[in-house]
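Undergrad: Take a look at the following structure, please.
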Amino acid sequence: MDIVKRSVFPALKDALTDQRVIVITGMRRVGKTTTLHWLLDQVVTTNNIYLDLERLDQRAVFEESNYEVVLNYLRNLGMDPDSPMVVALDEIQYVPNLPSVVKYLYDHYGIKFLLTGSSSYYLKNFFSESMAGRKIIFEMSPLGFGEFLEFRGVPYRRRTALDEMQYDPHEFERLKAYYEEFVKYGGLPDVVLEPRVEVKREILNDIFSSYINIDVQSLADFRKIGELQKLLKVLAIRIGNKLETSKLCNIVGVSRPTLKGYLEFLEKTYIIYQLPAYARPDKSAALGRKLYFRDNGIAGILANPGEGALFENAIFNQLWGYGELAYLSRGNEYEVDFILTQSGEPPAGLEVKYHPVQSDEMKLRRIATKHRISRTWLVGKYPSPGFEEFIWGGTIF
């Protein structure tokens with residue numbers, strides 16, 4: 001199978017060398033099934049098999065109360081329980097009792113399982129404490145911009161340090177059209193590989209419809225799906241803003257507990273992320289959280305957030321893999337979009353500006369000095385005349 005390798009692949013391959021169950025989770029159509037096939041190709045033994053639990057016949061086997069029936073099914077498919085065996089199961093969320101099946105076969109026959117599931121919301125309660133120490137979970141995100149370029153066959157040099165990401169006019173000209181597309185349509189693989197704009201939108205609408213009709217219906221006990229859809233549209237035009245609980249309750253017409261349940265579900269099914277404040281844990285909760293979407297394409301089909309909001313949302317997702325993120329705020333006085341904390345480095349303050357200028361840099365430094373943050377960067381989408389001291393978003397890979 002011709003597969004463009006994802007950044008998570010090396011860690012997944014390393015995890016094949018121990019006996020723990022590998023669980024791959026992430027939002028719908030993020031590439032979990034493709035990754036599962038790739039991982040299975042890395043297995044040394046030929047005593048392996050792939051099963052899709054979306055298929056009713058295969059799902060029915062794993063719903064059996066007698067787990068020896070499952071082993072006999074695998075044996076009938078040519079698997080040898082007396083030799084090292086690898087079993088890949090796709091879409092495990094469709095079989096609620098699967099952890100018990102996996103634990104039994106893992107403990108009694110030493111089977112190495114490779115699993116995918118579409119939601120951390122489900123997986124949180126899916127694997128009980130009885131699986132502690134027996135599993136390792138990998139969360140897959142939509143493509144970063146570097147992965148986007150790899151999928152499109154465009155060469156680039158990955159930069160790891162913030163000072164390496166400073167605006168370069170030649171790289172800007174070379175990559176700006178790709179970055180525009182990435183910001184507008186996001187990083188879901190099927191969308192990235194589709195060249196036609198109208199089809200990109202069709203794919204995004206199909207992914208969102210599947211999320212509502214399959215994930216929401218099967219994973220949650222929400223009686224009013226329309227409320228959840230209305231909330232999503234309202235959230236899409238509030239990207240980068242603090243969540244105002246009372247206002248959201250009034251707009252959507254729900255109670256605080258219901259809203260809290262919706263937000264938790266949306267976050268744990270990889271649709272949104274609630275960014276905490278940069279403060280002590282007790283104070284951080286009181287300051288509230290800022291809202292971002294995990295994929296720009298999904299946000300864009302729900303509403304028209306605006307180019308500035310989509311750019312900030314893209315930067316949030318691009319910075320995701322570089323360290324821990326928070327935002328800095330002092331009431332209505334000032335705010336810094338992101339505080340990035342990396343291992344072995346002092347925190348860095350990053351302010352996102354569509355067209356960064358010198359006065360933005362001076363303001364950011366003043367705020368950072370008050371909070372003893374020594375590293376600061378503006379992150380821009382387009383250069384302003386006479387000012388190039390900023391990180392261009394297209395160099396955050």
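Identifiers in this document derive from the order of the structure tokens: chains are assigned A, B, ..., residues are numbered from 1 separately in each chain, and ligands are numbered from 1 in order of occurrence.
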Just asking: which residues within region 177-346 of chain A are alpha helix (DSSP H) according to DSSP, as a PyMOL selection string?
TA: chain A and resi 177-185+189-193+197-210+217-219+225-236+245-252+256-268+281-287+296-302+307-319
Undergrad: Any chance you could tabulate, as CSV, the residues of region 178-286 of chain A at most 8 Å from region 318-332 of chain A with each one's nearest atom pair and distance in Å to one decimal, using only C-alpha atoms, in chain and rising number order?
TA:
residue,atom,partner,partner_atom,distance
A:Leu275,CA,A:Ala326,CA,5.8
A:Pro276,CA,A:Ala326,CA,5.3
A:Ala277,CA,A:Tyr327,CA,4.9
A:Tyr278,CA,A:Ala326,CA,5.2
A:Ala279,CA,A:Leu328,CA,7.8
Undergrad: For the interface of region 268-384 of chain A with region 231-252 of chain A (cut-off 10 Å, counting only C-alpha atoms), please tabulate each contacting residue of region 268-384 of chain A alongside its nearest pair of atoms and their separation in Å to one decimal, rows sorted by chain and increasing number, as JSON lines.
TA:
{"residue": "A:Ile271", "atom": "CA", "partner": "A:Leu232", "partner_atom": "CA", "distance": 9.2}
{"residue": "A:Ile272", "atom": "CA", "partner": "A:Leu235", "partner_atom": "CA", "distance": 8.9}
{"residue": "A:Gln274", "atom": "CA", "partner": "A:Leu243", "partner_atom": "CA", "distance": 8.4}
{"residue": "A:Leu275", "atom": "CA", "partner": "A:Lys242", "partner_atom": "CA", "distance": 8.9}
{"residue": "A:Pro276", "atom": "CA", "partner": "A:Lys242", "partner_atom": "CA", "distance": 9.7}
{"residue": "A:Ala277", "atom": "CA", "partner": "A:Lys242", "partner_atom": "CA", "distance": 9.9}
{"residue": "A:Leu287", "atom": "CA", "partner": "A:Lys242", "partner_atom": "CA", "distance": 9.0}
{"residue": "A:Gly288", "atom": "CA", "partner": "A:Lys242", "partner_atom": "CA", "distance": 6.6}
{"residue": "A:Arg289", "atom": "CA", "partner": "A:Lys242", "partner_atom": "CA", "distance": 5.5}
{"residue": "A:Lys290", "atom": "CA", "partner": "A:Lys242", "partner_atom": "CA", "distance": 4.1}
{"residue": "A:Leu291", "atom": "CA", "partner": "A:Gly240", "partner_atom": "CA", "distance": 5.4}
{"residue": "A:Tyr292", "atom": "CA", "partner": "A:Ile239", "partner_atom": "CA", "distance": 5.3}
{"residue": "A:Phe293", "atom": "CA", "partner": "A:Ile239", "partner_atom": "CA", "distance": 7.2}
{"residue": "A:Asn296", "atom": "CA", "partner": "A:Ala236", "partner_atom": "CA", "distance": 9.7}
{"residue": "A:Ile298", "atom": "CA", "partner": "A:Ala236", "partner_atom": "CA", "distance": 9.0}
{"residue": "A:Ala299", "atom": "CA", "partner": "A:Ala236", "partner_atom": "CA", "distance": 5.5}
{"residue": "A:Gly300", "atom": "CA", "partner": "A:Ala236", "partner_atom": "CA", "distance": 7.6}
{"residue": "A:Ile301", "atom": "CA", "partner": "A:Ala236", "partner_atom": "CA", "distance": 9.0}
{"residue": "A:Leu302", "atom": "CA", "partner": "A:Lys233", "partner_atom": "CA", "distance": 5.2}
{"residue": "A:Ala303", "atom": "CA", "partner": "A:Lys233", "partner_atom": "CA", "distance": 5.8}
{"residue": "A:Asn304", "atom": "CA", "partner": "A:Ile237", "partner_atom": "CA", "distance": 6.6}
{"residue": "A:Pro305", "atom": "CA", "partner": "A:Ile237", "partner_atom": "CA", "distance": 4.5}
{"residue": "A:Gly306", "atom": "CA", "partner": "A:Ile237", "partner_atom": "CA", "distance": 7.9}
{"residue": "A:Gly308", "atom": "CA", "partner": "A:Ile239", "partner_atom": "CA", "distance": 9.7}
{"residue": "A:Ala309", "atom": "CA", "partner": "A:Ile239", "partner_atom": "CA", "distance": 6.0}
{"residue": "A:Leu310", "atom": "CA", "partner": "A:Ile239", "partner_atom": "CA", "distance": 7.7}
{"residue": "A:Glu312", "atom": "CA", "partner": "A:Gly240", "partner_atom": "CA", "distance": 7.1}
{"residue": "A:Asn313", "atom": "CA", "partner": "A:Ile239", "partner_atom": "CA", "distance": 6.9}
{"residue": "A:Phe316", "atom": "CA", "partner": "A:Gly240", "partner_atom": "CA", "distance": 9.2}
{"residue": "A:Tyr327", "atom": "CA", "partner": "A:Gly240", "partner_atom": "CA", "distance": 9.9}
{"residue": "A:Asp337", "atom": "CA", "partner": "A:Gly240", "partner_atom": "CA", "distance": 8.0}
Undergrad: Just the selected residues (N, CA and C atoms), exported as a PDB file, in the first residue's frame, please.
TA:
ATOM      1  N   ILE A 271     -13.608  17.579  18.221  1.00  0.00           N
ATOM      2  CA  ILE A 271     -14.144  18.658  17.391  1.00  0.00           C
ATOM      3  C   ILE A 271     -13.622  20.009  17.880  1.00  0.00           C
ATOM      4  N   ILE A 272     -13.648  20.239  19.173  1.00  0.00           N
ATOM      5  CA  ILE A 272     -13.176  21.513  19.729  1.00  0.00           C
ATOM      6  C   ILE A 272     -12.097  21.256  20.777  1.00  0.00           C
ATOM      7  N   GLN A 274     -10.755  23.359  24.470  1.00  0.00           N
ATOM      8  CA  GLN A 274     -10.919  24.484  25.392  1.00  0.00           C
ATOM      9  C   GLN A 274      -9.558  24.787  26.013  1.00  0.00           C
ATOM     10  N   LEU A 275      -8.952  25.890  25.574  1.00  0.00           N
ATOM     11  CA  LEU A 275      -7.592  26.251  25.980  1.00  0.00           C
ATOM     12  C   LEU A 275      -7.597  26.917  27.349  1.00  0.00           C
ATOM     13  N   PRO A 276      -6.808  26.389  28.309  1.00  0.00           N
ATOM     14  CA  PRO A 276      -6.790  26.973  29.650  1.00  0.00           C
ATOM     15  C   PRO A 276      -5.951  28.252  29.708  1.00  0.00           C
ATOM     16  N   ALA A 277      -6.132  28.993  30.782  1.00  0.00           N
ATOM     17  CA  ALA A 277      -5.353  30.202  31.013  1.00  0.00           C
ATOM     18  C   ALA A 277      -3.989  29.844  31.595  1.00  0.00           C
ATOM     19  N   LEU A 287     -10.409  31.890  35.418  1.00  0.00           N
ATOM     20  CA  LEU A 287     -10.226  32.770  34.262  1.00  0.00           C
ATOM     21  C   LEU A 287     -10.974  32.280  33.026  1.00  0.00           C
ATOM     22  N   GLY A 288     -11.407  31.035  33.042  1.00  0.00           N
ATOM     23  CA  GLY A 288     -12.151  30.500  31.906  1.00  0.00           C
ATOM     24  C   GLY A 288     -11.238  29.971  30.812  1.00  0.00           C
ATOM     25  N   ARG A 289     -11.848  29.467  29.761  1.00  0.00           N
ATOM     26  CA  ARG A 289     -11.100  28.851  28.667  1.00  0.00           C
ATOM     27  C   ARG A 289     -11.466  29.483  27.324  1.00  0.00           C
ATOM     28  N   LYS A 290     -10.503  29.442  26.408  1.00  0.00           N
ATOM     29  CA  LYS A 290     -10.715  29.940  25.055  1.00  0.00           C
ATOM     30  C   LYS A 290     -11.014  28.781  24.112  1.00  0.00           C
ATOM     31  N   LEU A 291     -11.790  29.068  23.093  1.00  0.00           N
ATOM     32  CA  LEU A 291     -12.288  28.028  22.195  1.00  0.00           C
ATOM     33  C   LEU A 291     -11.505  27.961  20.888  1.00  0.00           C
ATOM     34  N   TYR A 292     -11.159  26.737  20.498  1.00  0.00           N
ATOM     35  CA  TYR A 292     -10.592  26.486  19.172  1.00  0.00           C
ATOM     36  C   TYR A 292     -11.184  25.203  18.611  1.00  0.00           C
ATOM     37  N   PHE A 293     -11.167  25.100  17.276  1.00  0.00           N
ATOM     38  CA  PHE A 293     -11.591  23.878  16.597  1.00  0.00           C
ATOM     39  C   PHE A 293     -10.353  23.068  16.227  1.00  0.00           C
ATOM     40  N   ASN A 296      -9.607  23.267  10.798  1.00  0.00           N
ATOM     41  CA  ASN A 296     -10.137  24.476  10.187  1.00  0.00           C
ATOM     42  C   ASN A 296     -11.243  24.193   9.184  1.00  0.00           C
ATOM     43  N   ILE A 298     -13.540  21.826   9.193  1.00  0.00           N
ATOM     44  CA  ILE A 298     -14.812  21.597   9.885  1.00  0.00           C
ATOM     45  C   ILE A 298     -15.392  22.898  10.391  1.00  0.00           C
ATOM     46  N   ALA A 299     -14.552  23.748  10.971  1.00  0.00           N
ATOM     47  CA  ALA A 299     -15.033  25.055  11.453  1.00  0.00           C
ATOM     48  C   ALA A 299     -15.608  25.873  10.300  1.00  0.00           C
ATOM     49  N   GLY A 300     -14.942  25.802   9.140  1.00  0.00           N
ATOM     50  CA  GLY A 300     -15.339  26.623   8.000  1.00  0.00           C
ATOM     51  C   GLY A 300     -16.655  26.237   7.375  1.00  0.00           C
ATOM     52  N   ILE A 301     -17.057  24.959   7.486  1.00  0.00           N
ATOM     53  CA  ILE A 301     -18.346  24.570   6.903  1.00  0.00           C
ATOM     54  C   ILE A 301     -19.506  24.822   7.862  1.00  0.00           C
ATOM     55  N   LEU A 302     -19.198  25.076   9.133  1.00  0.00           N
ATOM     56  CA  LEU A 302     -20.249  25.333  10.113  1.00  0.00           C
ATOM     57  C   LEU A 302     -20.704  26.783  10.080  1.00  0.00           C
ATOM     58  N   ALA A 303     -19.779  27.692   9.800  1.00  0.00           N
ATOM     59  CA  ALA A 303     -20.084  29.122   9.801  1.00  0.00           C
ATOM     60  C   ALA A 303     -18.980  29.827   9.037  1.00  0.00           C
ATOM     61  N   ASN A 304     -18.997  31.141   9.062  1.00  0.00           N
ATOM     62  CA  ASN A 304     -17.925  31.927   8.457  1.00  0.00           C
ATOM     63  C   ASN A 304     -17.182  32.646   9.574  1.00  0.00           C
ATOM     64  N   PRO A 305     -16.186  31.983  10.173  1.00  0.00           N
ATOM     65  CA  PRO A 305     -15.503  32.586  11.322  1.00  0.00           C
ATOM     66  C   PRO A 305     -14.733  33.852  10.981  1.00  0.00           C
ATOM     67  N   GLY A 306     -14.388  34.036   9.707  1.00  0.00           N
ATOM     68  CA  GLY A 306     -13.554  35.160   9.297  1.00  0.00           C
ATOM     69  C   GLY A 306     -12.118  34.712   9.102  1.00  0.00           C
ATOM     70  N   GLY A 308      -9.251  36.108   9.868  1.00  0.00           N
ATOM     71  CA  GLY A 308      -8.384  36.262  11.038  1.00  0.00           C
ATOM     72  C   GLY A 308      -8.579  35.150  12.045  1.00  0.00           C
ATOM     73  N   ALA A 309      -9.839  34.775  12.287  1.00  0.00           N
ATOM     74  CA  ALA A 309     -10.131  33.713  13.247  1.00  0.00           C
ATOM     75  C   ALA A 309      -9.622  32.367  12.745  1.00  0.00           C
ATOM     76  N   LEU A 310      -9.796  32.090  11.453  1.00  0.00           N
ATOM     77  CA  LEU A 310      -9.301  30.831  10.898  1.00  0.00           C
ATOM     78  C   LEU A 310      -7.783  30.758  10.960  1.00  0.00           C
ATOM     79  N   GLU A 312      -5.838  32.257  13.246  1.00  0.00           N
ATOM     80  CA  GLU A 312      -5.489  31.981  14.639  1.00  0.00           C
ATOM     81  C   GLU A 312      -5.765  30.528  14.994  1.00  0.00           C
ATOM     82  N   ASN A 313      -6.871  29.989  14.483  1.00  0.00           N
ATOM     83  CA  ASN A 313      -7.206  28.601  14.757  1.00  0.00           C
ATOM     84  C   ASN A 313      -6.157  27.658  14.156  1.00  0.00           C
ATOM     85  N   PHE A 316      -3.089  27.680  16.332  1.00  0.00           N
ATOM     86  CA  PHE A 316      -3.304  26.839  17.514  1.00  0.00           C
ATOM     87  C   PHE A 316      -3.001  25.376  17.187  1.00  0.00           C
ATOM     88  N   TYR A 327      -3.298  30.407  27.272  1.00  0.00           N
ATOM     89  CA  TYR A 327      -3.369  31.819  26.893  1.00  0.00           C
ATOM     90  C   TYR A 327      -3.152  32.667  28.140  1.00  0.00           C
ATOM     91  N   ASP A 337      -2.262  35.623  22.947  1.00  0.00           N
ATOM     92  CA  ASP A 337      -2.985  34.471  22.383  1.00  0.00           C
ATOM     93  C   ASP A 337      -2.477  33.137  22.916  1.00  0.00           C
TER      94      ASP A 337
END
Undergrad: State, in Å with one decimal place, the distance from CA of Asn213 (chain A) to CA of Glu267 (chain A).
TA: 17.4 Å
Undergrad: Residues near region 184-195 of chain A, anyone? I mean within 8 Å using only C-alpha atoms, not counting same-chain ones fewer than 2 positions away, as a VMD selection string.
TA: chain A and resid 29 to 31 142 to 145 148 151 to 152 180 to 182 197 199 to 200 203 to 204 295 to 298 300 310 314
Undergrad: Kindly indicate which residue among A:Trp392, A:Trp38, A:Tyr178, A:Phe338 lies nearest to Val154 (chain A), using only C-alpha atoms for the distances.
TA: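 Result for the nearest residue to Val154 (chain A): A:Tyr178.
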Undergrad: Where does DSSP see strand (DSSP E) in region 19-77 of chain A, if you list the residues as an mmCIF file with N, CA and C atoms, in the first residue's frame?
TA:
data_model
loop_
_atom_site.group_PDB
_atom_site.id
_atom_site.type_symbol
_atom_site.label_atom_id
_atom_site.label_comp_id
_atom_site.auth_asym_id
_atom_site.auth_seq_id
_atom_site.Cartn_x
_atom_site.Cartn_y
_atom_site.Cartn_z
ATOM 1 N N VAL A 21 -1.307 -3.508 24.226
ATOM 2 C CA VAL A 21 -2.312 -3.222 23.204
ATOM 3 C C VAL A 21 -2.099 -1.806 22.689
ATOM 4 N N ILE A 22 -2.060 -1.646 21.374
ATOM 5 C CA ILE A 22 -1.929 -0.318 20.754
ATOM 6 C C ILE A 22 -3.320 0.178 20.381
ATOM 7 N N VAL A 23 -3.685 1.361 20.877
ATOM 8 C CA VAL A 23 -4.978 1.965 20.567
ATOM 9 C C VAL A 23 -4.732 3.275 19.833
ATOM 10 N N ILE A 24 -5.296 3.412 18.638
ATOM 11 C CA ILE A 24 -5.179 4.637 17.847
ATOM 12 C C ILE A 24 -6.539 5.309 17.833
ATOM 13 N N THR A 25 -6.582 6.548 18.301
ATOM 14 C CA THR A 25 -7.857 7.255 18.354
ATOM 15 C C THR A 25 -7.717 8.647 17.749
ATOM 16 N N GLY A 26 -8.832 9.255 17.430
ATOM 17 C CA GLY A 26 -8.828 10.577 16.798
ATOM 18 C C GLY A 26 -10.151 10.809 16.104
ATOM 19 N N ASN A 48 -1.058 -12.729 11.278
ATOM 20 C CA ASN A 48 -1.771 -11.503 11.631
ATOM 21 C C ASN A 48 -3.013 -11.360 10.778
ATOM 22 N N ILE A 49 -3.932 -10.506 11.252
ATOM 23 C CA ILE A 49 -5.214 -10.356 10.549
ATOM 24 C C ILE A 49 -5.805 -8.979 10.831
ATOM 25 N N TYR A 50 -6.546 -8.459 9.847
ATOM 26 C CA TYR A 50 -7.281 -7.184 9.981
ATOM 27 C C TYR A 50 -8.776 -7.482 9.950
ATOM 28 N N LEU A 51 -9.513 -6.926 10.913
ATOM 29 C CA LEU A 51 -10.965 -7.077 10.958
ATOM 30 C C LEU A 51 -11.608 -5.708 11.153
ATOM 31 N N ASP A 52 -12.721 -5.496 10.466
ATOM 32 C CA ASP A 52 -13.433 -4.214 10.503
ATOM 33 C C ASP A 52 -14.738 -4.388 11.271
#
Undergrad: Please report the interatomic distance between CA of Pro383 (chain A) and CA of Glu173 (chain A) in Å with one decimal.
TA: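 If I compute the distance from CA of Pro383 (chain A) to CA of Glu173 (chain A), I get 11.3 Å.
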Undergrad: Contacts of Leu77 (chain A) at 12 Å or less, counting only C-alpha atoms, minus same-chain residues fewer than 3 places along, as a list in words?
TA: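 In the requested format, the answer is Asn47, Asn48, Ile49, Tyr50, Leu51, Gln58, Val70, Leu71, Asn72, Tyr73, Leu74, Asp80, Pro81 and Val87 of chain A.
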Undergrad: Would you put the residues from that selection into a file with C-alpha atoms, as a PDB file, in the first residue's frame?
TA:
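Output file again37.pdb is given in full below:
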ATOM      1  CA  ASN A  47       0.260 -14.699  11.731  1.00  0.00           C
ATOM      2  CA  ASN A  48      -1.771 -11.503  11.631  1.00  0.00           C
ATOM      3  CA  ILE A  49      -5.214 -10.356  10.549  1.00  0.00           C
ATOM      4  CA  TYR A  50      -7.281  -7.184   9.981  1.00  0.00           C
ATOM      5  CA  LEU A  51     -10.965  -7.077  10.958  1.00  0.00           C
ATOM      6  CA  GLN A  58     -17.335  -9.491  12.199  1.00  0.00           C
ATOM      7  CA  VAL A  70     -13.734 -15.426  19.201  1.00  0.00           C
ATOM      8  CA  LEU A  71     -10.535 -17.459  19.361  1.00  0.00           C
ATOM      9  CA  ASN A  72     -12.140 -20.235  17.327  1.00  0.00           C
ATOM     10  CA  TYR A  73     -13.260 -17.664  14.739  1.00  0.00           C
ATOM     11  CA  LEU A  74      -9.680 -16.429  14.413  1.00  0.00           C
ATOM     12  CA  ASP A  80      -2.436 -20.005  14.808  1.00  0.00           C
ATOM     13  CA  PRO A  81      -2.974 -19.370  18.563  1.00  0.00           C
ATOM     14  CA  VAL A  87      -4.974  -8.916  15.522  1.00  0.00           C
TER      15      VAL A  87
END
Undergrad: Tell me, in Å to one decimal, how far CA of Ser118 (chain A) is from CA of Tyr270 (chain A).
TA: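 Distance between the two atoms: 8.8 Å.
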Undergrad: From the list A:Ile373, A:Ala11, A:Leu105, A:Leu149, which residue is nearest Tyr67 (chain A) when using only C-alpha atoms?
TA: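 Counting only C-alpha atoms, the residue closest to Tyr67 (chain A) is A:Leu105.
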Undergrad: Taking into account only C-alpha atoms, which residue in the set A:Leu364, A:Thr341, A:Gln93, A:Ala15 is nearest to Ser119 (chain A)?
TA: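 The closest residue to Ser119 (chain A) is A:Gln93.
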Undergrad: Quick one: everything within 8 Å of Leu378 (chain A), counting only C-alpha atoms, minus sequence neighbours fewer than 6 positions away in the same chain. Send it as a PyMOL selection string.
TA: chain A and resi 350-353+356+360-361+364+389-391
Undergrad: Arg20 (chain A): which residues within 7 Å, counting only C-alpha atoms, same-chain residues fewer than 5 positions away excluded, as a PDB file with N, CA and C atoms, in the first residue's frame?
TA:
ATOM      1  N   LYS A 112      -1.253  -9.891  20.481  1.00  0.00           N
ATOM      2  CA  LYS A 112      -0.948  -8.470  20.335  1.00  0.00           C
ATOM      3  C   LYS A 112      -2.090  -7.820  19.546  1.00  0.00           C
ATOM      4  N   ARG A 134      -1.695  -2.448  30.235  1.00  0.00           N
ATOM      5  CA  ARG A 134      -1.784  -3.348  29.081  1.00  0.00           C
ATOM      6  C   ARG A 134      -1.969  -2.603  27.770  1.00  0.00           C
ATOM      7  N   LYS A 135      -2.114  -1.287  27.822  1.00  0.00           N
ATOM      8  CA  LYS A 135      -2.428  -0.540  26.602  1.00  0.00           C
ATOM      9  C   LYS A 135      -1.574   0.715  26.501  1.00  0.00           C
ATOM     10  N   ILE A 136      -1.420   1.190  25.272  1.00  0.00           N
ATOM     11  CA  ILE A 136      -0.785   2.471  24.997  1.00  0.00           C
ATOM     12  C   ILE A 136      -1.644   3.170  23.948  1.00  0.00           C
TER      13      ILE A 136
END
Undergrad: My list of candidates is A:Leu16, A:Val357, A:Met79, A:Leu36. Which is closest to Gly386 (chain A) when distances are computed with only C-alpha atoms?
TA: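 Of A:Leu16, A:Val357, A:Met79, A:Leu36, the one nearest Gly386 (chain A), counting only C-alpha atoms, is A:Val357.
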Undergrad: Could you check the closest approach to Ile92 (chain A) for each of A:Arg55, A:Arg75, A:Lys381, A:Lys230 and tell me which residue wins, using only C-alpha atoms?
TA: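 Among the listed residues, A:Arg55 lies closest to Ile92 (chain A).
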Undergrad: Rank nothing, just name the residue among A:Tyr334, A:Ser83, A:Pro99, A:Asn76 nearest to Phe62 (chain A), using only C-alpha atoms.
TA: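 Counting only C-alpha atoms, the residue closest to Phe62 (chain A) is A:Pro99.
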